[in-house]
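Visitor: Following this line is my_file20.pdb, made up of PDB, C-alpha atoms, pLDDT in the B column:
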```pdb
ATOM      1  CA  MET B   1      -0.128  15.395   8.637  1.00 89.00           C
ATOM      2  CA  ARG B   2       1.471  13.791   5.572  1.00 93.00           C
ATOM      3  CA  VAL B   3       5.261  13.572   5.707  1.00 93.00           C
ATOM      4  CA  TYR B   4       7.706  12.271   3.139  1.00 96.00           C
ATOM      5  CA  VAL B   5      10.561  10.174   4.509  1.00 95.00           C
ATOM      6  CA  PRO B   6      13.712   9.929   2.371  1.00 96.00           C
ATOM      7  CA  LEU B   7      15.287   6.472   2.262  1.00 95.00           C
ATOM      8  CA  THR B   8      17.374   4.162   0.117  1.00 95.00           C
ATOM      9  CA  LEU B   9      16.320   0.657  -0.932  1.00 95.00           C
ATOM     10  CA  PRO B  10      18.456  -0.862   1.880  1.00 94.00           C
ATOM     11  CA  GLY B  11      16.773   1.586   4.280  1.00 94.00           C
ATOM     12  CA  LEU B  12      13.361   0.513   3.003  1.00 95.00           C
ATOM     13  CA  ALA B  13      14.351  -3.146   3.434  1.00 93.00           C
ATOM     14  CA  GLU B  14      15.362  -2.427   7.033  1.00 93.00           C
ATOM     15  CA  ALA B  15      12.072  -0.609   7.666  1.00 93.00           C
ATOM     16  CA  TYR B  16      10.205  -3.586   6.220  1.00 94.00           C
ATOM     17  CA  LYS B  17      12.158  -5.982   8.448  1.00 93.00           C
ATOM     18  CA  THR B  18      11.645  -3.958  11.648  1.00 93.00           C
ATOM     19  CA  GLY B  19       8.192  -2.590  10.794  1.00 92.00           C
ATOM     20  CA  GLU B  20       9.385   0.942  11.601  1.00 91.00           C
ATOM     21  CA  LEU B  21      10.400   3.909   9.479  1.00 89.00           C
ATOM     22  CA  GLY B  22      12.253   5.348  12.413  1.00 76.00           C
ATOM     23  CA  SER B  23      12.150   5.821  16.106  1.00 74.00           C
ATOM     24  CA  GLY B  24      12.462   9.592  16.095  1.00 70.00           C
ATOM     25  CA  PRO B  25      13.589  12.085  15.918  1.00 86.00           C
ATOM     26  CA  PHE B  26      14.327  11.709  12.226  1.00 89.00           C
ATOM     27  CA  VAL B  27      14.189  14.028   9.232  1.00 90.00           C
ATOM     28  CA  ALA B  28      11.272  14.029   6.828  1.00 92.00           C
ATOM     29  CA  TYR B  29       9.661  16.623   4.559  1.00 93.00           C
ATOM     30  CA  ALA B  30       6.201  18.140   4.660  1.00 92.00           C
ATOM     31  CA  VAL B  31       4.175  21.165   3.649  1.00 89.00           C
ATOM     32  CA  THR B  32       5.562  23.718   6.083  1.00 86.00           C
ATOM     33  CA  PRO B  33       4.843  27.463   6.237  1.00 82.00           C
ATOM     34  CA  ALA B  34       8.273  28.151   4.709  1.00 81.00           C
ATOM     35  CA  LEU B  35       7.613  25.720   1.843  1.00 82.00           C
ATOM     36  CA  ARG B  36       4.226  27.380   1.220  1.00 81.00           C
ATOM     37  CA  GLU B  37       5.877  30.786   1.084  1.00 80.00           C
ATOM     38  CA  TRP B  38       8.674  29.602  -1.200  1.00 79.00           C
ATOM     39  CA  TYR B  39       6.387  27.700  -3.578  1.00 78.00           C
ATOM     40  CA  VAL B  40       3.753  30.460  -3.640  1.00 75.00           C
ATOM     41  CA  SER B  41       0.766  28.194  -4.112  1.00 74.00           C
ATOM     42  CA  ASP B  42      -2.368  27.325  -2.217  1.00 78.00           C
ATOM     43  CA  ASP B  43      -2.872  24.056  -4.132  1.00 84.00           C
ATOM     44  CA  ILE B  44      -2.200  21.324  -1.557  1.00 86.00           C
ATOM     45  CA  GLU B  45      -1.387  18.747  -4.255  1.00 89.00           C
ATOM     46  CA  GLU B  46       1.283  21.021  -5.720  1.00 89.00           C
ATOM     47  CA  LEU B  47       2.686  21.716  -2.264  1.00 90.00           C
ATOM     48  CA  GLU B  48       2.792  18.017  -1.381  1.00 91.00           C
ATOM     49  CA  TYR B  49       4.538  17.331  -4.687  1.00 91.00           C
ATOM     50  CA  ALA B  50       7.135  19.975  -3.766  1.00 90.00           C
ATOM     51  CA  ALA B  51       7.645  18.294  -0.361  1.00 91.00           C
ATOM     52  CA  LEU B  52       7.995  14.911  -2.109  1.00 93.00           C
ATOM     53  CA  ASN B  53      10.666  16.376  -4.378  1.00 93.00           C
ATOM     54  CA  ARG B  54      12.525  17.807  -1.387  1.00 93.00           C
ATOM     55  CA  ALA B  55      12.517  14.305   0.133  1.00 95.00           C
ATOM     56  CA  ALA B  56      13.766  12.852  -3.170  1.00 95.00           C
ATOM     57  CA  SER B  57      16.709  15.277  -3.017  1.00 94.00           C
ATOM     58  CA  ALA B  58      17.420  14.115   0.529  1.00 94.00           C
ATOM     59  CA  SER B  59      17.266  10.501  -0.665  1.00 96.00           C
ATOM     60  CA  LEU B  60      19.925  11.375  -3.265  1.00 95.00           C
ATOM     61  CA  ARG B  61      22.137  12.614  -0.417  1.00 94.00           C
ATOM     62  CA  LEU B  62      21.609   9.311   1.399  1.00 94.00           C
ATOM     63  CA  LEU B  63      22.675   7.487  -1.766  1.00 95.00           C
ATOM     64  CA  ALA B  64      25.805   9.633  -2.045  1.00 94.00           C
ATOM     65  CA  ALA B  65      26.704   8.586   1.507  1.00 94.00           C
ATOM     66  CA  ASP B  66      26.081   4.877   0.818  1.00 94.00           C
ATOM     67  CA  PRO B  67      28.021   3.779  -2.279  1.00 90.00           C
ATOM     68  CA  GLY B  68      26.739   0.205  -1.927  1.00 91.00           C
ATOM     69  CA  ALA B  69      23.057   1.120  -2.187  1.00 93.00           C
ATOM     70  CA  GLU B  70      21.222   0.584  -5.456  1.00 93.00           C
ATOM     71  CA  ARG B  71      21.029   3.951  -7.197  1.00 95.00           C
ATOM     72  CA  ARG B  72      17.288   4.550  -6.939  1.00 96.00           C
ATOM     73  CA  ARG B  73      15.814   7.302  -4.787  1.00 97.00           C
ATOM     74  CA  VAL B  74      13.137   6.166  -2.324  1.00 97.00           C
ATOM     75  CA  VAL B  75      10.531   8.256  -0.495  1.00 97.00           C
ATOM     76  CA  VAL B  76       7.860   6.876   1.817  1.00 97.00           C
ATOM     77  CA  ALA B  77       4.695   8.938   2.245  1.00 96.00           C
ATOM     78  CA  VAL B  78       3.232   8.466   5.706  1.00 94.00           C
ATOM     79  CA  ASP B  79       0.551  10.155   7.766  1.00 92.00           C
ATOM     80  CA  VAL B  80       1.565  11.078  11.288  1.00 90.00           C
ATOM     81  CA  PRO B  81      -0.524  12.720  14.024  1.00 88.00           C
ATOM     82  CA  ASP B  82      -0.485  16.527  14.032  1.00 83.00           C
ATOM     83  CA  GLY B  83       2.278  17.821  16.278  1.00 84.00           C
ATOM     84  CA  THR B  84       4.479  14.769  15.673  1.00 86.00           C
ATOM     85  CA  ALA B  85       6.396  16.524  12.888  1.00 87.00           C
ATOM     86  CA  THR B  86       7.780  19.994  13.564  1.00 85.00           C
ATOM     87  CA  ALA B  87       9.857  22.406  11.536  1.00 85.00           C
ATOM     88  CA  ASP B  88      12.911  23.974  13.137  1.00 79.00           C
ATOM     89  CA  PRO B  89      12.179  27.729  13.255  1.00 72.00           C
ATOM     90  CA  ASP B  90      15.922  28.469  13.249  1.00 71.00           C
ATOM     91  CA  ARG B  91      16.247  26.766   9.853  1.00 72.00           C
ATOM     92  CA  ALA B  92      12.994  28.038   8.340  1.00 64.00           C
ATOM     93  CA  LEU B  93      14.744  30.567   6.104  1.00 67.00           C
ATOM     94  CA  ASP B  94      17.543  28.204   5.049  1.00 72.00           C
ATOM     95  CA  PRO B  95      16.812  27.220   1.407  1.00 71.00           C
ATOM     96  CA  ALA B  96      18.384  23.806   2.037  1.00 74.00           C
ATOM     97  CA  ALA B  97      15.844  23.132   4.797  1.00 79.00           C
ATOM     98  CA  LEU B  98      12.632  24.050   2.947  1.00 83.00           C
ATOM     99  CA  GLY B  99       9.947  21.607   3.981  1.00 88.00           C
ATOM    100  CA  GLU B 100      12.251  19.846   6.446  1.00 89.00           C
ATOM    101  CA  VAL B 101      10.624  18.571   9.627  1.00 92.00           C
ATOM    102  CA  ARG B 102      11.731  16.422  12.549  1.00 90.00           C
ATOM    103  CA  VAL B 103       9.454  13.526  13.338  1.00 91.00           C
ATOM    104  CA  ALA B 104       9.300  12.569  17.006  1.00 88.00           C
ATOM    105  CA  GLY B 105       8.491   9.099  18.231  1.00 83.00           C
ATOM    106  CA  THR B 106       8.258   5.797  16.417  1.00 86.00           C
ATOM    107  CA  VAL B 107       6.536   5.667  13.038  1.00 89.00           C
ATOM    108  CA  ARG B 108       5.258   2.267  11.987  1.00 90.00           C
ATOM    109  CA  LEU B 109       5.722   1.328   8.347  1.00 91.00           C
ATOM    110  CA  ALA B 110       2.123   0.073   8.446  1.00 90.00           C
ATOM    111  CA  LYS B 111       1.045   3.752   8.591  1.00 90.00           C
ATOM    112  CA  ALA B 112       2.635   4.437   5.188  1.00 93.00           C
ATOM    113  CA  ALA B 113       0.287   5.563   2.453  1.00 94.00           C
ATOM    114  CA  ALA B 114       2.629   4.843  -0.479  1.00 95.00           C
ATOM    115  CA  VAL B 115       6.211   4.382  -1.548  1.00 97.00           C
ATOM    116  CA  HIS B 116       7.808   6.394  -4.351  1.00 97.00           C
ATOM    117  CA  VAL B 117      10.858   4.921  -6.125  1.00 96.00           C
ATOM    118  CA  ASP B 118      12.881   5.733  -9.227  1.00 96.00           C
ATOM    119  CA  ALA B 119      12.243   3.625 -12.319  1.00 94.00           C
ATOM    120  CA  ASP B 120      15.055   1.528 -13.745  1.00 92.00           C
ATOM    121  CA  ASP B 121      15.669   4.097 -16.494  1.00 93.00           C
ATOM    122  CA  ALA B 122      16.649   6.684 -13.864  1.00 95.00           C
ATOM    123  CA  VAL B 123      19.529   4.636 -12.406  1.00 95.00           C
ATOM    124  CA  ALA B 124      22.263   6.049 -14.681  1.00 95.00           C
ATOM    125  CA  ASP B 125      21.244   9.664 -14.010  1.00 95.00           C
ATOM    126  CA  VAL B 126      20.800   9.058 -10.268  1.00 96.00           C
ATOM    127  CA  THR B 127      24.232   7.376 -10.133  1.00 95.00           C
ATOM    128  CA  ALA B 128      25.847  10.333 -11.885  1.00 95.00           C
ATOM    129  CA  ALA B 129      23.989  12.786  -9.635  1.00 95.00           C
ATOM    130  CA  ALA B 130      25.092  11.019  -6.450  1.00 95.00           C
ATOM    131  CA  GLU B 131      28.697  11.167  -7.661  1.00 94.00           C
ATOM    132  CA  ALA B 132      28.424  14.859  -8.615  1.00 94.00           C
ATOM    133  CA  LEU B 133      26.669  16.008  -5.443  1.00 91.00           C
ATOM    134  CA  GLY B 134      29.822  17.080  -3.576  1.00 91.00           C
ATOM    135  CA  ALA B 135      31.077  19.179  -6.466  1.00 94.00           C
ATOM    136  CA  ALA B 136      27.609  20.689  -6.951  1.00 91.00           C
ATOM    137  CA  ASP B 137      27.522  21.645  -3.280  1.00 89.00           C
ATOM    138  CA  SER B 138      30.860  23.395  -3.802  1.00 91.00           C
ATOM    139  CA  GLY B 139      29.410  25.569  -6.551  1.00 91.00           C
ATOM    140  CA  ASP B 140      30.382  23.602  -9.679  1.00 94.00           C
ATOM    141  CA  ASP B 141      27.712  24.512 -12.255  1.00 94.00           C
ATOM    142  CA  ASP B 142      28.433  21.482 -14.461  1.00 94.00           C
ATOM    143  CA  ALA B 143      28.018  19.168 -11.463  1.00 93.00           C
ATOM    144  CA  GLN B 144      24.769  20.952 -10.532  1.00 92.00           C
ATOM    145  CA  PHE B 145      23.521  20.276 -14.056  1.00 94.00           C
ATOM    146  CA  VAL B 146      24.211  16.557 -13.504  1.00 94.00           C
ATOM    147  CA  VAL B 147      22.397  16.629 -10.144  1.00 93.00           C
ATOM    148  CA  ASP B 148      19.437  18.383 -11.774  1.00 92.00           C
ATOM    149  CA  GLY B 149      19.338  15.551 -14.329  1.00 90.00           C
ATOM    150  CA  ALA B 150      18.218  13.141 -11.605  1.00 92.00           C
ATOM    151  CA  GLU B 151      15.436  15.529 -10.657  1.00 89.00           C
ATOM    152  CA  ASP B 152      14.081  15.266 -14.202  1.00 90.00           C
ATOM    153  CA  HIS B 153      12.947  11.719 -13.379  1.00 94.00           C
ATOM    154  CA  GLU B 154       9.558  11.324 -11.748  1.00 93.00           C
ATOM    155  CA  LEU B 155       9.388   8.851  -8.899  1.00 96.00           C
ATOM    156  CA  LEU B 156       6.993   5.972  -9.494  1.00 94.00           C
ATOM    157  CA  TRP B 157       4.143   5.313  -7.054  1.00 96.00           C
ATOM    158  CA  PHE B 158       3.905   1.919  -5.336  1.00 95.00           C
ATOM    159  CA  ALA B 159       1.358   0.576  -2.880  1.00 93.00           C
ATOM    160  CA  THR B 160       2.788  -0.497   0.449  1.00 91.00           C
ATOM    161  CA  GLN B 161       1.905  -4.112  -0.391  1.00 92.00           C
ATOM    162  CA  GLU B 162       4.573  -3.910  -3.110  1.00 92.00           C
ATOM    163  CA  ILE B 163       7.416  -3.205  -0.666  1.00 92.00           C
ATOM    164  CA  PRO B 164       8.575  -6.854  -0.495  1.00 89.00           C
ATOM    165  CA  ASN B 165       9.045  -6.890  -4.275  1.00 89.00           C
ATOM    166  CA  LEU B 166      10.846  -3.531  -4.218  1.00 90.00           C
ATOM    167  CA  VAL B 167      13.386  -4.757  -1.664  1.00 86.00           C
ATOM    168  CA  GLY B 168      13.832  -8.210  -3.207  1.00 80.00           C
ATOM    169  CA  LEU B 169      11.833 -10.177  -0.658  1.00 67.00           C
ATOM    170  CA  GLY B 170       8.812 -10.901  -2.824  1.00 55.00           C
ATOM    171  CA  ASP B 171       7.759 -14.150  -4.424  1.00 51.00           C
TER
END
```
Translate the structure of the given file into structure tokens.
Guide:
Amino acid sequence: MRVYVPLTLPGLAEAYKTGELGSGPFVAYAVTPALREWYVSDDIEELEYAALNRAASASLRLLAADPGAERRRVVVAVDVPDGTATADPDRALDPAALGEVRVAGTVRLAKAAAVHVDADDAVADVTAAAEALGAADSGDDDAQFVVDGAEDHELLWFATQEIPNLVGLGD
């Protein structure tokens, strides 16, 4: 099963250092029955893209909680054995939890398929979105517009071999 793990660049650097994305349970995003129902599509690529975007939103929340982190959303796509990631049936109907799964056990970074990171031109919008997130959560429409501005940026795809360069440890 492909899951999308939301991180920050410091979180990715830590995963690179330890060789682990997490030692469960931790939150990730995947194509769940609730996400399928919400997205109303049978196209697996579209559904995986929706799960990736849900993880990017979660990465934005991690950035809002870590003011020292570089303002670029990070999502690691990783394949885990079936049954390792499970959706909470009590949260299945919660719109905020669409696609959310809990991953049990340790997930090695070596199992990652790719890393998705914001481009440099997204930093200003991601910074503004992280700052506006609290107000958006409180129902401020203008703040929600700012948060949505970050979502207009597509995450770039990187091979796992590029992680050292992404976290500043490359040549």
Visitor: Name the residues captured by the PyMOL selection byres ((chain B and resi 47) around 10) when it is applied to the shown file; answer as a PDB file with C-alpha atoms, keeping the file's coordinate frame.
Guide:
```
ATOM      1  CA  ALA B  30       6.201  18.140   4.660  1.00 92.00           C
ATOM      2  CA  VAL B  31       4.175  21.165   3.649  1.00 89.00           C
ATOM      3  CA  THR B  32       5.562  23.718   6.083  1.00 86.00           C
ATOM      4  CA  LEU B  35       7.613  25.720   1.843  1.00 82.00           C
ATOM      5  CA  ARG B  36       4.226  27.380   1.220  1.00 81.00           C
ATOM      6  CA  TRP B  38       8.674  29.602  -1.200  1.00 79.00           C
ATOM      7  CA  TYR B  39       6.387  27.700  -3.578  1.00 78.00           C
ATOM      8  CA  VAL B  40       3.753  30.460  -3.640  1.00 75.00           C
ATOM      9  CA  SER B  41       0.766  28.194  -4.112  1.00 74.00           C
ATOM     10  CA  ASP B  42      -2.368  27.325  -2.217  1.00 78.00           C
ATOM     11  CA  ASP B  43      -2.872  24.056  -4.132  1.00 84.00           C
ATOM     12  CA  ILE B  44      -2.200  21.324  -1.557  1.00 86.00           C
ATOM     13  CA  GLU B  45      -1.387  18.747  -4.255  1.00 89.00           C
ATOM     14  CA  GLU B  46       1.283  21.021  -5.720  1.00 89.00           C
ATOM     15  CA  GLU B  48       2.792  18.017  -1.381  1.00 91.00           C
ATOM     16  CA  TYR B  49       4.538  17.331  -4.687  1.00 91.00           C
ATOM     17  CA  ALA B  50       7.135  19.975  -3.766  1.00 90.00           C
ATOM     18  CA  ALA B  51       7.645  18.294  -0.361  1.00 91.00           C
ATOM     19  CA  LEU B  52       7.995  14.911  -2.109  1.00 93.00           C
ATOM     20  CA  ASN B  53      10.666  16.376  -4.378  1.00 93.00           C
ATOM     21  CA  GLY B  99       9.947  21.607   3.981  1.00 88.00           C
TER      22      GLY B  99
END
```
Visitor: Write out as a list in words the residues lying within 10 Å of Thr8 of chain B, counting all atoms listed in the file and excluding same-chain residues fewer than 4 positions away.
Guide: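 Near Thr8 of chain B, the qualifying residues are Leu12, Ala13, Glu14, Ala56, Ala58, Ser59, Leu60, Arg61, Leu62, Leu63, Asp66, Ala69, Glu70, Arg71, Arg72, Arg73, Val74, Val75, Val117 and Val167 of chain B.
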Visitor: Which distance in Å separates atom CA of Val123 of chain B and atom CA of Leu109 of chain B, to one decimal?
Guide: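 Between atom CA of Val123 of chain B and atom CA of Leu109 of chain B the gap is 25.1 Å.
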Visitor: Which polymer residues have any atom within 10 Å of an atom of Lys111 of chain B, counting only C-alpha atoms, with same-chain residues fewer than 2 positions away left out, as a list in words?
Guide: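 Answer for this query is Gly19, Glu20, Leu21, Ala77, Val78, Asp79, Val80, Val107, Arg108, Leu109, Ala113, Ala114 and Thr160 of chain B.
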Visitor: Using the chain letters and residue numbers of this document, give as a ChimeraX atom specification the residues selected by the PyMOL selection byres ((chain B and resi 95) around 12).
Guide: /B:34-35,37-39,54,90-94,96-100
Visitor: Of the candidates B:Ala104, B:Pro10, B:Tyr29, B:Ala130, which shows the shortest atom-to-atom distance to Ala65 of chain B, using all atoms listed in the file?
Guide: B:Ala130
Visitor: Can you pull out the residues contacting His116 of chain B? Cut-off 7 Å, using all atoms listed in the file, and skip same-chain residues under 6 positions away; I want them as a PyMOL selection string.
Guide: chain B and resi 74-76+155-158
Visitor: What does the distance between atom CA of Ala129 of chain B and atom CA of Ala150 of chain B come to in Å, to one decimal place?
Guide: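 For atom CA of Ala129 of chain B relative to atom CA of Ala150 of chain B, the distance reads 6.1 Å.
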Visitor: How many Å separate atom CA of Ala128 of chain B from atom CA of Asn165 of chain B?
Guide: 25.2 Å
Visitor: Please give the centre and size of the box around segment 123-140 of chain B (axis-aligned, containing every atom listed in the file, 5 Å added per side), with values in Å to one decimal and written as JSON.
Guide:
```
{"center_x": 25.3, "center_y": 15.1, "center_z": -9.0, "size_x": 21.5, "size_y": 30.9, "size_z": 21.4}
```
Visitor: With a distance cut-off of 10 Å and all atoms listed in the file, select the neighbouring residues of Asp148 of chain B, excluding the residue or stretch itself and same-chain residues fewer than 6 positions from it, and output the selection as a PDB file with C-alpha atoms, keeping the file's coordinate frame.
Guide:
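Generated file (result21.pdb):
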```
ATOM      1  CA  SER B  57      16.709  15.277  -3.017  1.00 94.00           C
ATOM      2  CA  ASP B 125      21.244   9.664 -14.010  1.00 95.00           C
ATOM      3  CA  VAL B 126      20.800   9.058 -10.268  1.00 96.00           C
ATOM      4  CA  ALA B 129      23.989  12.786  -9.635  1.00 95.00           C
ATOM      5  CA  LEU B 133      26.669  16.008  -5.443  1.00 91.00           C
ATOM      6  CA  ALA B 136      27.609  20.689  -6.951  1.00 91.00           C
ATOM      7  CA  ASP B 142      28.433  21.482 -14.461  1.00 94.00           C
TER       8      ASP B 142
END
```
Visitor: Go through B:Pro33, B:Pro67, B:Ala132, B:Ala55 one by one, measure the shortest atom-to-atom distance of each to Pro89 of chain B using all atoms listed in the file, and give the residue with the smallest value.
Guide: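 The closest residue to Pro89 of chain B is B:Pro33.
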